[in-house]
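Source file: query-v3.pdb. Holds: PDB, C-alpha atoms.
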```pdb
ATOM      1  CA  MET J   5     132.426 107.150  52.293
ATOM      2  CA  PRO J   6     132.449 110.509  54.113
ATOM      3  CA  ILE J   7     130.668 110.346  57.471
ATOM      4  CA  TYR J   8     127.293 112.120  57.707
ATOM      5  CA  GLU J   9     127.981 114.139  60.869
ATOM      6  CA  THR J  10     125.391 116.901  60.597
ATOM      7  CA  GLN J  11     122.259 117.125  62.729
ATOM      8  CA  MET J  12     119.874 114.405  61.597
ATOM      9  CA  ASP J  13     117.202 115.633  59.188
ATOM     10  CA  THR J  14     114.842 112.719  58.641
ATOM     11  CA  HIS J  15     112.873 114.699  56.050
ATOM     12  CA  ALA J  16     115.986 115.171  53.913
ATOM     13  CA  LEU J  17     116.831 111.477  54.221
ATOM     14  CA  SER J  18     113.279 110.553  53.249
ATOM     15  CA  LEU J  19     113.519 112.747  50.130
ATOM     16  CA  PHE J  20     116.868 111.187  49.230
ATOM     17  CA  LEU J  21     115.543 107.628  49.572
ATOM     18  CA  SER J  22     112.483 108.413  47.497
ATOM     19  CA  LEU J  23     114.639 109.910  44.737
ATOM     20  CA  ALA J  24     117.026 106.947  44.959
ATOM     21  CA  ASP J  25     114.053 104.648  44.289
ATOM     22  CA  ASN J  26     112.393 106.736  41.554
ATOM     23  CA  LEU J  27     115.514 108.205  39.910
ATOM     24  CA  HIS J  28     113.169 110.962  38.735
ATOM     25  CA  PHE J  29     112.985 114.457  40.258
ATOM     26  CA  GLY J  30     109.497 115.233  38.951
ATOM     27  CA  LYS J  31     107.930 112.014  40.219
ATOM     28  CA  THR J  32     109.670 112.310  43.568
ATOM     29  CA  SER J  33     108.570 115.910  44.100
ATOM     30  CA  ARG J  34     104.959 114.915  43.429
ATOM     31  CA  GLU J  35     105.041 111.910  45.753
ATOM     32  CA  GLN J  36     106.716 113.841  48.540
ATOM     33  CA  HIS J  37     104.619 116.990  48.054
ATOM     34  CA  VAL J  38     107.586 119.325  47.602
ATOM     35  CA  SER J  39     108.544 121.561  44.721
ATOM     36  CA  PRO J  40     111.292 120.387  42.319
ATOM     37  CA  SER J  41     113.472 123.307  43.435
ATOM     38  CA  ALA J  42     113.038 122.411  47.123
ATOM     39  CA  LEU J  43     113.917 118.782  46.329
ATOM     40  CA  SER J  44     117.018 119.868  44.448
ATOM     41  CA  ARG J  45     118.125 122.140  47.316
ATOM     42  CA  SER J  46     117.673 119.327  49.857
ATOM     43  CA  ILE J  47     119.738 116.866  47.786
ATOM     44  CA  LYS J  48     122.424 119.505  47.166
ATOM     45  CA  GLN J  49     122.616 120.199  50.908
ATOM     46  CA  LEU J  50     123.086 116.475  51.614
ATOM     47  CA  GLU J  51     125.837 116.277  49.012
ATOM     48  CA  ASP J  52     127.576 119.293  50.530
ATOM     49  CA  GLU J  53     127.370 117.772  54.007
ATOM     50  CA  VAL J  54     128.701 114.335  53.023
ATOM     51  CA  GLY J  55     131.287 115.903  50.724
ATOM     52  CA  ALA J  56     130.500 113.833  47.645
ATOM     53  CA  PRO J  57     127.965 113.761  44.790
ATOM     54  CA  LEU J  58     125.117 111.335  45.430
ATOM     55  CA  PHE J  59     123.475 111.476  41.992
ATOM     56  CA  VAL J  60     124.638 111.923  38.409
ATOM     57  CA  ARG J  61     122.151 114.136  36.572
ATOM     58  CA  ASP J  62     121.741 114.964  32.911
ATOM     59  CA  ASN J  63     118.830 116.012  30.740
ATOM     60  CA  ARG J  64     117.677 112.444  30.245
ATOM     61  CA  SER J  65     118.411 110.485  33.406
ATOM     62  CA  VAL J  66     119.267 110.415  37.085
ATOM     63  CA  ARG J  67     121.403 107.677  38.619
ATOM     64  CA  LEU J  68     123.155 107.027  41.907
ATOM     65  CA  THR J  69     126.898 107.474  42.195
ATOM     66  CA  ARG J  70     129.030 104.941  44.058
ATOM     67  CA  GLU J  71     128.891 107.207  47.099
ATOM     68  CA  GLY J  72     125.138 107.567  46.579
ATOM     69  CA  GLN J  73     124.704 103.787  46.714
ATOM     70  CA  GLN J  74     126.657 103.649  49.980
ATOM     71  CA  PHE J  75     124.730 106.578  51.399
ATOM     72  CA  ARG J  76     121.465 104.894  50.393
ATOM     73  CA  GLU J  77     122.280 101.953  52.654
ATOM     74  CA  TYR J  78     123.209 104.321  55.470
ATOM     75  CA  ALA J  79     120.075 106.440  55.029
ATOM     76  CA  SER J  80     117.880 103.342  54.927
ATOM     77  CA  ASN J  81     119.361 102.069  58.217
ATOM     78  CA  VAL J  82     118.890 105.468  59.849
ATOM     79  CA  MET J  83     115.269 105.755  58.750
ATOM     80  CA  ASN J  84     114.458 102.184  59.811
ATOM     81  CA  GLY J  85     116.024 102.851  63.192
ATOM     82  CA  TRP J  86     114.164 106.145  63.501
ATOM     83  CA  GLN J  87     110.832 104.510  62.756
ATOM     84  CA  ALA J  88     111.574 101.683  65.194
ATOM     85  CA  ILE J  89     112.455 104.031  68.053
ATOM     86  CA  ARG J  90     109.406 106.190  67.371
ATOM     87  CA  GLN J  91     107.194 103.094  67.458
ATOM     88  CA  THR J  92     108.812 101.973  70.703
ATOM     89  CA  PHE J  93     108.253 105.363  72.315
ATOM     90  CA  LYS J  94     104.694 105.420  71.045
ATOM     91  CA  GLN J  95     103.995 102.015  72.555
ATOM     92  CA  ASP J  96     105.617 103.084  75.837
ATOM     93  CA  GLN J  97     103.221 105.992  76.046
ATOM     94  CA  LEU J  98     100.320 103.560  75.678
ATOM     95  CA  VAL J  99     101.618 101.291  78.453
ATOM     96  CA  LEU J 100     100.241 102.244  81.843
ATOM     97  CA  HIS J 101     102.857 103.121  84.409
ATOM     98  CA  GLY J 102     102.775 104.606  87.857
ATOM     99  CA  GLU J 103     102.062 103.535  91.417
ATOM    100  CA  LEU J 104      99.046 101.982  93.160
ATOM    101  CA  SER J 105      98.573 101.470  96.902
ATOM    102  CA  LEU J 106      96.559  98.489  98.120
ATOM    103  CA  TYR J 107      95.459  97.665 101.668
ATOM    104  CA  CYS J 108      94.460  94.174 102.798
ATOM    105  CA  SER J 109      94.800  91.619 105.568
ATOM    106  CA  VAL J 110      97.781  89.285 105.840
ATOM    107  CA  THR J 111      95.476  86.389 104.929
ATOM    108  CA  ALA J 112      94.339  88.107 101.725
ATOM    109  CA  SER J 113      97.923  88.919 100.762
ATOM    110  CA  TYR J 114      98.941  85.266 100.514
ATOM    111  CA  SER J 115      95.666  83.686  99.430
ATOM    112  CA  PHE J 116      93.562  84.945  96.516
ATOM    113  CA  LEU J 117      95.525  88.204  96.114
ATOM    114  CA  TYR J 118      98.533  86.238  94.850
ATOM    115  CA  GLU J 119      96.692  85.144  91.698
ATOM    116  CA  ILE J 120      95.307  88.622  91.054
ATOM    117  CA  LEU J 121      98.712  90.286  91.415
ATOM    118  CA  SER J 122     100.450  87.655  89.261
ATOM    119  CA  SER J 123      98.000  88.204  86.419
ATOM    120  CA  PHE J 124      98.065  91.982  86.849
ATOM    121  CA  ARG J 125     101.864  92.062  86.841
ATOM    122  CA  GLN J 126     102.019  90.241  83.520
ATOM    123  CA  ASP J 127      99.701  92.723  81.818
ATOM    124  CA  TYR J 128     100.963  95.876  83.521
ATOM    125  CA  PRO J 129     104.641  95.400  84.384
ATOM    126  CA  ARG J 130     105.261  99.136  84.747
ATOM    127  CA  ILE J 131     102.671  99.697  87.470
ATOM    128  CA  GLU J 132     104.327  99.527  90.881
ATOM    129  CA  MET J 133     102.218  98.104  93.707
ATOM    130  CA  LYS J 134     102.574  99.332  97.297
ATOM    131  CA  LEU J 135     100.998  96.721  99.565
ATOM    132  CA  HIS J 136      99.976  97.604 103.116
ATOM    133  CA  THR J 137      98.611  94.954 105.481
ATOM    134  CA  GLY J 138      96.502  95.355 108.577
ATOM    135  CA  ASP J 139      93.102  94.846 110.124
ATOM    136  CA  PRO J 140      90.559  94.295 107.280
ATOM    137  CA  ALA J 141      87.969  96.129 109.379
ATOM    138  CA  LYS J 142      89.749  99.351 108.386
ATOM    139  CA  ALA J 143      89.623  98.677 104.630
ATOM    140  CA  VAL J 144      86.731 101.005 103.771
ATOM    141  CA  GLU J 145      87.979 103.728 106.106
ATOM    142  CA  ARG J 146      91.430 103.812 104.528
ATOM    143  CA  VAL J 147      89.947 104.202 101.049
ATOM    144  CA  GLN J 148      87.565 106.933 102.215
ATOM    145  CA  GLN J 149      90.402 108.855 103.843
ATOM    146  CA  GLY J 150      92.486 108.689 100.681
ATOM    147  CA  LEU J 151      95.218 106.661 102.375
ATOM    148  CA  GLU J 152      94.899 103.886  99.794
ATOM    149  CA  ASP J 153      93.856 103.666  96.162
ATOM    150  CA  LEU J 154      92.251 100.280  96.756
ATOM    151  CA  ALA J 155      91.512  98.017  99.701
ATOM    152  CA  ILE J 156      90.324  94.459 100.265
ATOM    153  CA  GLY J 157      87.860  93.618 103.000
ATOM    154  CA  ALA J 158      84.386  92.359 103.837
ATOM    155  CA  ARG J 159      81.434  94.242 102.427
ATOM    156  CA  PRO J 160      79.558  96.011 105.239
ATOM    157  CA  ASP J 161      75.790  95.653 105.539
ATOM    158  CA  ASN J 162      75.468  99.267 104.412
ATOM    159  CA  LEU J 163      78.041 100.390 101.869
ATOM    160  CA  PRO J 164      79.027 104.048 102.431
ATOM    161  CA  ALA J 165      78.030 106.566  99.778
ATOM    162  CA  GLY J 166      80.714 107.139  97.163
ATOM    163  CA  VAL J 167      82.402 103.771  97.757
ATOM    164  CA  GLU J 168      82.288 101.045  95.115
ATOM    165  CA  PHE J 169      82.571  97.339  95.971
ATOM    166  CA  GLN J 170      83.453  94.373  93.778
ATOM    167  CA  SER J 171      83.080  90.870  95.174
ATOM    168  CA  ILE J 172      86.058  88.516  94.911
ATOM    169  CA  THR J 173      85.032  85.560  97.090
ATOM    170  CA  ARG J 174      82.749  84.557  99.928
ATOM    171  CA  SER J 175      83.604  83.007 103.270
ATOM    172  CA  ALA J 176      81.645  81.616 106.195
ATOM    173  CA  LEU J 177      82.070  83.139 109.648
ATOM    174  CA  ARG J 178      82.996  80.418 112.118
ATOM    175  CA  PHE J 179      83.028  80.069 115.880
ATOM    176  CA  ILE J 180      86.360  78.533 116.842
ATOM    177  CA  GLY J 181      87.967  77.191 120.005
ATOM    178  CA  PRO J 182      91.218  75.473 121.005
ATOM    179  CA  GLN J 183      91.693  71.757 120.566
ATOM    180  CA  SER J 184      92.432  71.719 124.263
ATOM    181  CA  PRO J 185      90.885  72.556 126.630
ATOM    182  CA  GLN J 186      87.314  72.054 125.480
ATOM    183  CA  LEU J 187      85.626  75.359 126.271
ATOM    184  CA  LEU J 188      82.112  74.576 125.049
ATOM    185  CA  SER J 189      80.112  71.493 125.980
ATOM    186  CA  ASP J 190      77.593  69.773 123.735
ATOM    187  CA  GLU J 191      74.792  71.276 125.811
ATOM    188  CA  GLN J 192      76.185  74.795 125.406
ATOM    189  CA  LEU J 193      76.403  74.257 121.645
ATOM    190  CA  LYS J 194      72.823  73.016 121.411
ATOM    191  CA  ASN J 195      71.297  75.608 123.725
ATOM    192  CA  PRO J 196      73.278  78.856 123.676
ATOM    193  CA  GLY J 197      71.851  81.305 126.174
ATOM    194  CA  ALA J 198      72.480  83.744 129.004
ATOM    195  CA  GLU J 199      73.075  81.112 131.687
ATOM    196  CA  SER J 200      74.979  78.507 129.679
ATOM    197  CA  TRP J 201      77.383  81.016 128.136
ATOM    198  CA  GLN J 202      77.914  83.347 131.082
ATOM    199  CA  ASP J 203      81.364  81.918 131.861
ATOM    200  CA  VAL J 204      82.543  81.346 128.280
ATOM    201  CA  PRO J 205      85.554  83.581 127.549
ATOM    202  CA  LEU J 206      85.299  85.329 124.189
ATOM    203  CA  ILE J 207      88.074  86.780 122.035
ATOM    204  CA  LEU J 208      86.494  89.258 119.635
ATOM    205  CA  SER J 209      87.486  91.772 117.006
ATOM    206  CA  GLU J 210      87.694  95.348 118.198
ATOM    207  CA  GLU J 211      85.496  96.449 115.292
ATOM    208  CA  GLY J 212      84.316  95.464 111.875
ATOM    209  CA  LEU J 213      81.715  93.202 110.316
ATOM    210  CA  ALA J 214      82.639  90.072 112.295
ATOM    211  CA  ARG J 215      82.193  91.985 115.546
ATOM    212  CA  THR J 216      78.872  93.444 114.392
ATOM    213  CA  ARG J 217      77.468  90.057 113.431
ATOM    214  CA  THR J 218      78.800  88.377 116.572
ATOM    215  CA  ASP J 219      77.246  91.064 118.779
ATOM    216  CA  ARG J 220      73.961  90.601 116.930
ATOM    217  CA  TRP J 221      74.084  86.831 117.480
ATOM    218  CA  LEU J 222      74.873  87.243 121.196
ATOM    219  CA  LYS J 223      72.035  89.714 121.625
ATOM    220  CA  HIS J 224      69.634  87.354 119.862
ATOM    221  CA  HIS J 225      70.468  84.678 122.444
ATOM    222  CA  ASN J 226      70.376  87.138 125.368
ATOM    223  CA  ILE J 227      74.043  86.460 126.065
ATOM    224  CA  LYS J 228      75.998  89.104 127.920
ATOM    225  CA  PRO J 229      79.490  88.187 126.741
ATOM    226  CA  ARG J 230      82.424  87.620 129.019
ATOM    227  CA  ILE J 231      85.040  89.247 126.821
ATOM    228  CA  TYR J 232      88.537  88.000 127.540
ATOM    229  CA  ALA J 233      90.201  90.141 124.875
ATOM    230  CA  GLN J 234      89.427  92.470 122.003
ATOM    231  CA  VAL J 235      92.028  92.409 119.240
ATOM    232  CA  SER J 236      92.598  93.775 115.746
ATOM    233  CA  GLY J 237      93.164  91.275 112.982
ATOM    234  CA  ASN J 238      91.758  87.789 112.527
ATOM    235  CA  GLU J 239      95.191  86.171 112.661
ATOM    236  CA  ALA J 240      95.624  87.434 116.234
ATOM    237  CA  ILE J 241      92.267  85.910 117.204
ATOM    238  CA  VAL J 242      93.320  82.517 115.830
ATOM    239  CA  SER J 243      96.602  82.723 117.721
ATOM    240  CA  MET J 244      94.971  83.529 121.075
ATOM    241  CA  VAL J 245      92.276  80.886 120.607
ATOM    242  CA  SER J 246      94.893  78.229 119.768
ATOM    243  CA  LEU J 247      96.578  78.983 123.101
ATOM    244  CA  GLY J 248      93.331  78.223 124.942
ATOM    245  CA  PHE J 249      92.409  81.729 126.081
ATOM    246  CA  GLY J 250      88.861  81.590 124.752
ATOM    247  CA  ILE J 251      86.609  81.096 121.744
ATOM    248  CA  GLY J 252      86.478  83.489 118.829
ATOM    249  CA  VAL J 253      84.864  84.239 115.494
ATOM    250  CA  VAL J 254      86.859  84.406 112.249
ATOM    251  CA  PRO J 255      86.202  83.889 108.525
ATOM    252  CA  GLN J 256      86.769  80.377 107.215
ATOM    253  CA  ILE J 257      89.283  81.729 104.704
ATOM    254  CA  VAL J 258      91.530  82.758 107.597
ATOM    255  CA  LEU J 259      91.513  79.197 108.962
ATOM    256  CA  ASP J 260      92.159  77.746 105.508
ATOM    257  CA  ASN J 261      95.407  79.707 105.343
ATOM    258  CA  SER J 262      96.450  79.614 108.999
ATOM    259  CA  PRO J 263      99.517  77.645 110.188
ATOM    260  CA  LEU J 264      97.626  77.150 113.474
ATOM    261  CA  ALA J 265      94.611  75.433 111.915
ATOM    262  CA  ALA J 266      95.532  72.045 113.429
ATOM    263  CA  ARG J 267      95.266  73.560 116.914
ATOM    264  CA  ILE J 268      91.760  74.881 116.315
ATOM    265  CA  ARG J 269      88.363  73.209 116.594
ATOM    266  CA  LEU J 270      85.267  74.420 114.755
ATOM    267  CA  TYR J 271      81.964  74.793 116.550
ATOM    268  CA  ASP J 272      78.782  74.038 114.628
ATOM    269  CA  ILE J 273      76.606  76.668 116.251
ATOM    270  CA  GLN J 274      73.122  77.238 114.895
ATOM    271  CA  PRO J 275      71.945  79.392 113.370
ATOM    272  CA  PRO J 276      75.276  80.192 111.717
ATOM    273  CA  LEU J 277      76.524  83.723 111.311
ATOM    274  CA  THR J 278      75.892  85.363 107.943
ATOM    275  CA  GLU J 279      78.838  84.706 105.645
ATOM    276  CA  TYR J 280      81.365  87.281 104.503
ATOM    277  CA  ASP J 281      81.363  88.817 101.027
ATOM    278  CA  ILE J 282      85.023  89.686 100.529
ATOM    279  CA  GLY J 283      86.082  92.018  97.776
ATOM    280  CA  LEU J 284      87.685  95.172  96.530
ATOM    281  CA  PHE J 285      86.864  98.730  97.621
ATOM    282  CA  ALA J 286      87.558 101.953  95.752
ATOM    283  CA  LEU J 287      86.068 105.408  95.611
ATOM    284  CA  GLN J 288      83.568 105.626  92.743
ATOM    285  CA  LYS J 289      85.023 108.910  91.526
ATOM    286  CA  ARG J 290      88.483 107.363  91.255
ATOM    287  CA  LEU J 291      87.470 104.432  89.087
ATOM    288  CA  LYS J 292      88.120 106.720  86.101
ATOM    289  CA  ASP J 293      91.816 106.702  86.984
ATOM    290  CA  PRO J 294      93.412 104.410  84.351
ATOM    291  CA  LEU J 295      95.617 102.615  86.898
ATOM    292  CA  ILE J 296      92.799 101.946  89.354
ATOM    293  CA  ALA J 297      90.474 100.918  86.523
ATOM    294  CA  ALA J 298      93.086  98.462  85.232
ATOM    295  CA  PHE J 299      93.391  96.728  88.616
ATOM    296  CA  TRP J 300      89.622  96.821  89.152
ATOM    297  CA  ASN J 301      88.972  95.152  85.794
ATOM    298  CA  ARG J 302      91.741  92.597  86.276
ATOM    299  CA  SER J 303      90.278  91.632  89.667
ATOM    300  CA  SER J 304      86.897  91.101  88.038
ATOM    301  CA  GLU J 305      88.408  88.821  85.399
ATOM    302  CA  SER J 306      90.361  86.845  88.026
ATOM    303  CA  ARG J 307      87.348  86.225  90.256
ATOM    304  CA  PRO J 308      86.863  82.485  90.863
TER     305      PRO J 308
END
```
Translate this structure into structure tokens?
Amino acid sequence: MPIYETQMDTHALSLFLSLADNLHFGKTSREQHVSPSALSRSIKQLEDEVGAPLFVRDNRSVRLTREGQQFREYASNVMNGWQAIRQTFKQDQLVLHGELSLYCSVTASYSFLYEILSSFRQDYPRIEMKLHTGDPAKAVERVQQGLEDLAIGARPDNLPAGVEFQSITRSALRFIGPQSPQLLSDEQLKNPGAESWQDVPLILSEEGLARTRTDRWLKHHNIKPRIYAQVSGNEAIVSMVSLGFGIGVVPQIVLDNSPLAARIRLYDIQPPLTEYDIGLFALQKRLKDPLIAAFWNRSSESRP
């Protein structure tokens, strides 16, 4: 059969296939909403391009020639392929794709975030995630400054205007010390106060909710802290405490995922610090962004 090498005209192929099925010019023109003369011109153009007659016509009947039967198979394959590729492209346009930036602590990145990202990746394989880790105390600030699309951190007592929060999990705030030496006696644990704690070295966060709540607790007990170090990041606090430099305050979730947990002792100090509400931050106005909304909704569904 001559090769159909002209520019593809799917409309002409569609007319040909319809006529090949009906074998009737009048019926085909009505079904395809074209005039009989336009249908005849389209078929004649195809025959000229392939270099062979596709139909035998007389006053009573229309039938396919041998070349027409071969061309019918070719045209059918082309149209099926055309419809398939159009459907594929259409589906691709419906699939979200792009880039999202997410800020969180190291602890969050290998604890609950793993499950969220695994589920999100399955549903949205064409969204690329850029993960930045650092001090969770800076989570809200980085979202407000537009440095990140999303961030994970502890909900502050007063959520800034324009920032949306979605809870993922909760975690107690714990006083911790090294296994050795013992830095707090039973008496100091039972009766925290200005005199009993005046020589207790503290390793505290530079900023953030844990620091705010620790300062509040110290003030309540009239303790003027002897601060040994101020650091950024809960993992650094655990490390320094494990080496015996002082006692610190970190979320329980950090201890649950720390390789240094065996070197740490927990202090049951009453009343306990108010627990953390850990979750996802985003600007309210950006929740309309399809990519951010997709991650936000997936996080909600993955919440334990």
Dump as JSON lines the rows for residues of range 13-129 of chain J within 10 Å of range 282-295 of chain J: closest atom pair and distance in Å with one decimal, only C-alpha atoms counted, ordered by chain and rising residue number.
```
{"residue": "J:Leu100", "atom": "CA", "partner": "J:Leu295", "partner_atom": "CA", "distance": 6.9}
{"residue": "J:His101", "atom": "CA", "partner": "J:Leu295", "partner_atom": "CA", "distance": 7.7}
{"residue": "J:Gly102", "atom": "CA", "partner": "J:Leu295", "partner_atom": "CA", "distance": 7.5}
{"residue": "J:Glu103", "atom": "CA", "partner": "J:Leu295", "partner_atom": "CA", "distance": 7.9}
{"residue": "J:Leu104", "atom": "CA", "partner": "J:Leu295", "partner_atom": "CA", "distance": 7.2}
{"residue": "J:Leu106", "atom": "CA", "partner": "J:Leu284", "partner_atom": "CA", "distance": 9.6}
{"residue": "J:Tyr107", "atom": "CA", "partner": "J:Phe285", "partner_atom": "CA", "distance": 9.6}
{"residue": "J:Cys108", "atom": "CA", "partner": "J:Leu284", "partner_atom": "CA", "distance": 9.3}
{"residue": "J:Ala112", "atom": "CA", "partner": "J:Ile282", "partner_atom": "CA", "distance": 9.5}
{"residue": "J:Tyr128", "atom": "CA", "partner": "J:Leu295", "partner_atom": "CA", "distance": 9.2}
```
- request: Would you list the residues near (90.8, 105.5, 98.0), meaning any protein, DNA or RNA residue with an atom at most 9 Å from that point in file coordinates, counting all atoms listed in the file, as JSON, numbers by chain?
  value: {"J": [105, 144, 145, 146, 147, 148, 149, 150, 151, 152, 153, 154, 155, 167, 285, 286, 287, 288, 290]}
message: What does the structure give for the distance between CA of Pro164 in chain J and CA of Leu277 in chain J, in Å to one decimal?
response: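 According to the coordinates, CA of Pro164 in chain J and CA of Leu277 in chain J are separated by 22.3 Å.
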Closest contacts (range 68-187 of chain J/range 245-256 of chain J, max 7 Å, only C-alpha atoms) as JSON lines:
```
{"residue": "J:Ser175", "atom": "CA", "partner": "J:Gln256", "partner_atom": "CA", "distance": 5.7}
{"residue": "J:Ala176", "atom": "CA", "partner": "J:Gln256", "partner_atom": "CA", "distance": 5.4}
{"residue": "J:Leu177", "atom": "CA", "partner": "J:Pro255", "partner_atom": "CA", "distance": 4.3}
{"residue": "J:Arg178", "atom": "CA", "partner": "J:Val253", "partner_atom": "CA", "distance": 5.4}
{"residue": "J:Phe179", "atom": "CA", "partner": "J:Val253", "partner_atom": "CA", "distance": 4.6}
{"residue": "J:Ile180", "atom": "CA", "partner": "J:Gly252", "partner_atom": "CA", "distance": 5.3}
{"residue": "J:Gly181", "atom": "CA", "partner": "J:Ile251", "partner_atom": "CA", "distance": 4.5}
{"residue": "J:Pro182", "atom": "CA", "partner": "J:Ser246", "partner_atom": "CA", "distance": 4.8}
{"residue": "J:Ser184", "atom": "CA", "partner": "J:Gly248", "partner_atom": "CA", "distance": 6.6}
{"residue": "J:Pro185", "atom": "CA", "partner": "J:Gly248", "partner_atom": "CA", "distance": 6.4}
```
message: For the provided coordinates, the residues matched by the PyMOL selection byres ((chain J and resi 273) around 12) should be stated as a list of chain:residue names.
response: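 On this input, the PyMOL selection byres ((chain J and resi 273) around 12) captures J:Leu177, J:Arg178, J:Phe179, J:Ile180, J:Gly181, J:Leu188, J:Ser189, J:Asp190, J:Glu191, J:Gln192, J:Leu193, J:Lys194, J:Asn195, J:Pro196, J:Gly197, J:Thr218, J:Trp221, J:Leu222, J:His225, J:Val253, J:Leu270, J:Tyr271, J:Asp272, J:Gln274, J:Pro275, J:Pro276, J:Leu277.
For the pair CA of Lys223 in chain J and CA of Ile257 in chain J, the interatomic distance is 25.4 Å.
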task: Excluding Glu77 in chain J and any residue of its chain fewer than 4 positions from it, enumerate the residues within 12 Å of it, using only C-alpha atoms, and give them as a list in words.
output: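 Skipping anything fewer than 4 positions along the chain leaves Met5, Leu17, Phe20, Leu21, Ala24, Leu68, Arg70, Glu71, Gly72, Gln73, Asn81, Val82, Met83 and Asn84 of chain J.
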Test item: axis-aligned box, all listed atoms of range 277-294 of chain J, 8 Å on each side, centre and edges in Å rounded to one decimal, as lines of an AutoDock Vina configuration file:
```
center_x = 84.7
center_y = 96.3
center_z = 97.8
size_x = 33.5
size_y = 41.2
size_z = 43.0
```
statement: Counting all atoms listed in the file, the residue among J:Leu163, J:Leu19, J:Leu206, J:Ala298 that lies closest to His37 in chain J is J:Leu19
query: What is the CA of Ile231 in chain J-CA of Pro205 in chain J distance in Å, reported with one decimal?
result: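 These atoms are spaced 5.7 Å apart.
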